[in-house]
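First up is the structure itself, then whatever we jot down about it.
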Amino acid sequence: MLCKRIIPCLDVKDGIVVKGTNFVNLREAGSAVELAERYYEEGADELVFLDITATLERRKTLVELVEKVSKVIRIPFTVGGGISKVKDIEKLLNAGADKVSLNSSIVKNPNLISEASQAFGSQAIVAAIDSRTIGDIHKVYVKGGTEETELETIPWCRKVEELGAGEILLTSMNKDGTKSGYDIDLLKYLSEELAIPIIASGGAGNKEHFLEAFKEANVDACLAASLFHYKELEISELKNYLHQNNINVRL
């Protein structure tokens, strides 16, 4: 049985890690390189690094920063933000990333998923989906959560799997930064519906929320940001708790 993964997320703006609530009201959390090294030493299974304003400001992810981060860690490292071409992906993988996270660009050009997975392997392609629940409908948002699309989340998740994405990073915008727990109902549905791994994002506030996501929704990984950035929860403490509750994690 594969180990469940704990993944800190570094949302980066101008080289500094930031964190907000519901995708707004950002505050600084520290240096991307220093935090990456800290999480590696604390036992994170992977890291996700998102240049959150790259698409919004129509610029590319900071390749130099990717190179610096890759030099201080020895765990899988996913990078996203402003990636719109296969050549962009190649640059990031060459800079030290193990995977890339595609979001706004694949809504505009879904074929980028299949082109990228054919070029680099599906294991290197993560479909990042920002989902906001409006009534009983889950809608897909792009451009750092600022723009609603016509897409509904569940059909879009099916589509990215068909096109060759290796896993899905599903962020609940309603839950983001609220520390009220992951969107268990949506995650459970997706993990039962799809064959590729699901990474839960948005809403982690305590150890119990991770346990709930692994046990109730059967996700493959849980991602969190501020909880780890501000040392409200240590990764080692979380993993010990999960292990004690019969979740298979790498200690």
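Residues in the structure tokens are numbered from 1 in each chain, the chains being A, B, ... in the order shown, and ligands are numbered from 1 in the order shown.
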* **Contact residues around Ala213 of chain A with only C-alpha atoms at 8 Å, ignoring same-chain residues under 6 positions, as a ChimeraX atom specification** => /A:182,184,187,200,219,222
So which residues touch Val33 of chain A within 7 Å, counting only C-alpha atoms, skipping near sequence neighbours fewer than 3 positions away, as a compact mmCIF listing (two decimals) with C-alpha atoms, in the first residue's frame?
```
# COMPACT_ATOMS: atom_id res chain seq x y z
CA ALA A 36 11.52 24.56 1.62
CA GLU A 37 14.67 23.47 3.43
CA LYS A 68 17.65 27.49 -5.52
CA VAL A 69 14.86 25.49 -3.87
```
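Coordinates place atom CA of Asp220 of chain A at a distance of 5.6 Å from atom CA of Pro197 of chain A.
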* Structure fact -> Nearest to Asn218 of chain A, restricted to only C-alpha atoms and choosing among A:Tyr189, A:Leu10, A:Tyr241, A:Lys231, comes out as A:Tyr189
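Using only C-alpha atoms, the shortest contact distance between Arg38 of chain A and any of A:Leu151, A:Ile73, A:Ala225, A:Leu251 is found at A:Ile73.
Closest approach to Glu152 of chain A among A:Val66, A:Val107, A:Val72, A:Ile113: A:Val107, based on only C-alpha atoms.
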* Asked: Which of these residues is nearest to Glu147 of chain A, using only C-alpha atoms: A:Asn174, A:Gln123, A:Ser104, A:Gln118?
  -> A:Ser104
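Residues in contact range of Lys159 of chain A, defined as at most 12 Å between only C-alpha atoms, with sequence neighbours fewer than 3 positions away removed, read Ile106, Val107, Pro110, Asn111, Ile113, Ser114, Ala127, Ile129, Leu151, Glu152, Thr153, Ile154, Pro155, Trp156, Glu162, Leu163, Gly164, Ala165, Ile168, Glu193, Leu194 and Ile196 of chain A.
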Selection file, C-alpha atoms, as a PDB file, in the first residue's frame:
```
ATOM      1  CA  ILE A 106      -5.161  23.930 -19.393  1.00  0.00           C
ATOM      2  CA  VAL A 107      -8.592  25.523 -19.143  1.00  0.00           C
ATOM      3  CA  PRO A 110      -6.735  21.374 -22.588  1.00  0.00           C
ATOM      4  CA  ASN A 111      -4.470  19.734 -25.168  1.00  0.00           C
ATOM      5  CA  ILE A 113      -2.114  18.157 -20.761  1.00  0.00           C
ATOM      6  CA  SER A 114      -1.808  15.456 -23.398  1.00  0.00           C
ATOM      7  CA  ALA A 127      -3.789  19.289 -12.912  1.00  0.00           C
ATOM      8  CA  ILE A 129      -8.119  22.872 -10.008  1.00  0.00           C
ATOM      9  CA  LEU A 151     -16.554  24.630 -16.305  1.00  0.00           C
ATOM     10  CA  GLU A 152     -17.971  22.542 -13.484  1.00  0.00           C
ATOM     11  CA  THR A 153     -15.420  20.874 -11.242  1.00  0.00           C
ATOM     12  CA  ILE A 154     -16.435  17.203 -11.442  1.00  0.00           C
ATOM     13  CA  PRO A 155     -16.674  16.950 -15.261  1.00  0.00           C
ATOM     14  CA  TRP A 156     -13.431  18.929 -15.544  1.00  0.00           C
ATOM     15  CA  GLU A 162      -8.748  11.437 -19.748  1.00  0.00           C
ATOM     16  CA  LEU A 163      -6.211  13.842 -21.251  1.00  0.00           C
ATOM     17  CA  GLY A 164      -3.344  12.316 -19.284  1.00  0.00           C
ATOM     18  CA  ALA A 165      -2.856  14.235 -16.025  1.00  0.00           C
ATOM     19  CA  ILE A 168      -5.201  16.299  -9.414  1.00  0.00           C
ATOM     20  CA  GLU A 193     -14.852   8.415  -9.394  1.00  0.00           C
ATOM     21  CA  LEU A 194     -11.266   8.776 -10.639  1.00  0.00           C
ATOM     22  CA  ILE A 196      -5.539   9.019 -10.536  1.00  0.00           C
TER      23      ILE A 196
END
```
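Between Asn109 of chain A and the candidates A:Val160, A:Leu233, A:Gly96, A:Ala204, the tightest atom-to-atom separation, counting only C-alpha atoms, involves A:Val160.
Of the residues in segment 138-203 of chain A, those given strand (DSSP E or B) by DSSP on the backbone are His138, Lys139, Val140, Tyr141, Val142, Glu147, Glu148, Thr149, Glu150, Leu151, Glu152, Glu167, Ile168, Leu169, Leu170, Thr171, Ser172, Ile198, Ile199, Ala200 and Ser201 of chain A.
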Expected file: the selected residues, N, CA and C atoms, as a short mmCIF file (atom, residue, chain, number, x, y, z; two decimals), in the first residue's frame:
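Okay, result.cif is ready:
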```
data_model
loop_
_atom_site.label_atom_id
_atom_site.label_comp_id
_atom_site.auth_asym_id
_atom_site.auth_seq_id
_atom_site.Cartn_x
_atom_site.Cartn_y
_atom_site.Cartn_z
N HIS A 138 -20.32 23.07 -8.17
CA HIS A 138 -18.89 23.31 -8.00
C HIS A 138 -18.35 23.89 -9.31
N LYS A 139 -17.86 25.14 -9.26
CA LYS A 139 -17.35 25.80 -10.45
C LYS A 139 -15.82 25.94 -10.41
N VAL A 140 -15.21 25.86 -11.59
CA VAL A 140 -13.77 26.01 -11.74
C VAL A 140 -13.41 27.49 -11.93
N TYR A 141 -12.39 27.93 -11.20
CA TYR A 141 -11.88 29.29 -11.30
C TYR A 141 -10.44 29.26 -11.80
N VAL A 142 -10.03 30.36 -12.44
CA VAL A 142 -8.65 30.46 -12.96
C VAL A 142 -8.06 31.82 -12.57
N GLU A 147 -11.12 34.56 -11.53
CA GLU A 147 -12.02 34.53 -12.69
C GLU A 147 -12.80 33.21 -12.76
N GLU A 148 -14.12 33.32 -12.75
CA GLU A 148 -14.97 32.13 -12.86
C GLU A 148 -15.00 31.66 -14.31
N THR A 149 -15.04 30.34 -14.50
CA THR A 149 -15.16 29.78 -15.85
C THR A 149 -16.53 29.14 -16.01
N GLU A 150 -16.79 28.66 -17.20
CA GLU A 150 -18.04 27.94 -17.47
C GLU A 150 -17.96 26.49 -17.00
N LEU A 151 -16.76 26.04 -16.64
CA LEU A 151 -16.55 24.63 -16.31
C LEU A 151 -17.08 24.29 -14.92
N GLU A 152 -17.63 23.08 -14.80
CA GLU A 152 -17.97 22.54 -13.48
C GLU A 152 -16.86 21.59 -13.05
N GLU A 167 -2.05 13.38 -11.70
CA GLU A 167 -2.79 13.55 -10.44
C GLU A 167 -3.50 14.90 -10.47
N ILE A 168 -4.42 15.06 -9.51
CA ILE A 168 -5.20 16.30 -9.41
C ILE A 168 -4.96 16.94 -8.05
N LEU A 169 -4.63 18.22 -8.08
CA LEU A 169 -4.54 19.02 -6.86
C LEU A 169 -5.81 19.85 -6.79
N LEU A 170 -6.72 19.45 -5.91
CA LEU A 170 -8.04 20.06 -5.83
C LEU A 170 -8.10 21.02 -4.64
N THR A 171 -8.21 22.31 -4.92
CA THR A 171 -8.30 23.31 -3.87
C THR A 171 -9.73 23.83 -3.75
N SER A 172 -10.29 23.72 -2.56
CA SER A 172 -11.60 24.30 -2.28
C SER A 172 -11.41 25.77 -1.92
N ILE A 198 -5.59 11.96 -5.86
CA ILE A 198 -6.19 13.25 -5.52
C ILE A 198 -5.43 13.85 -4.34
N ILE A 199 -5.00 15.10 -4.50
CA ILE A 199 -4.37 15.86 -3.41
C ILE A 199 -5.41 16.83 -2.88
N ALA A 200 -5.70 16.74 -1.60
CA ALA A 200 -6.68 17.64 -0.97
C ALA A 200 -6.00 18.94 -0.56
N SER A 201 -6.65 20.06 -0.88
CA SER A 201 -6.10 21.37 -0.54
C SER A 201 -7.22 22.32 -0.13
#
```
* Could you pull out all residues of segment 45-237 of chain A with a DSSP call of helix (DSSP H, G or I) and give them as number ranges by chain? -> A: 63-71, 86-95, 104-108, 111-120, 122-124, 153-163, 184-193, 207-215, 226-229, 235-237
* Would you mind telling me which residue in A:Asn246, A:Ser101, A:Thr146, A:Asn94 lies nearest to Glu64 of chain A when using only C-alpha atoms? => A:Asn94
* Asked: Which residues, written as number ranges by chain, have at least one atom at most 12 Å from Tyr39 of chain A, with only C-alpha atoms counted and residues fewer than 5 positions away on the same chain left out?
  -> A: 6-10, 32-34, 44-48, 69, 72-75, 77, 224-225, 228-229, 231, 233-236
* Selection: 12 Å around Leu62 of chain A, only C-alpha atoms, excl. self and same-chain fewer than 5 positions, as a list in words -> Val12, Lys13, Asp14, Gly15, Ile16, Ala32, Phe49, Leu50, Asp51, Ile52, Thr53, Ala54, Thr55, Glu67, Lys68, Val69, Val79, Gly80, Gly81, Gly82, Ile83, Asp88, Lys91, Leu92, Ala95 and Ala97 of chain A
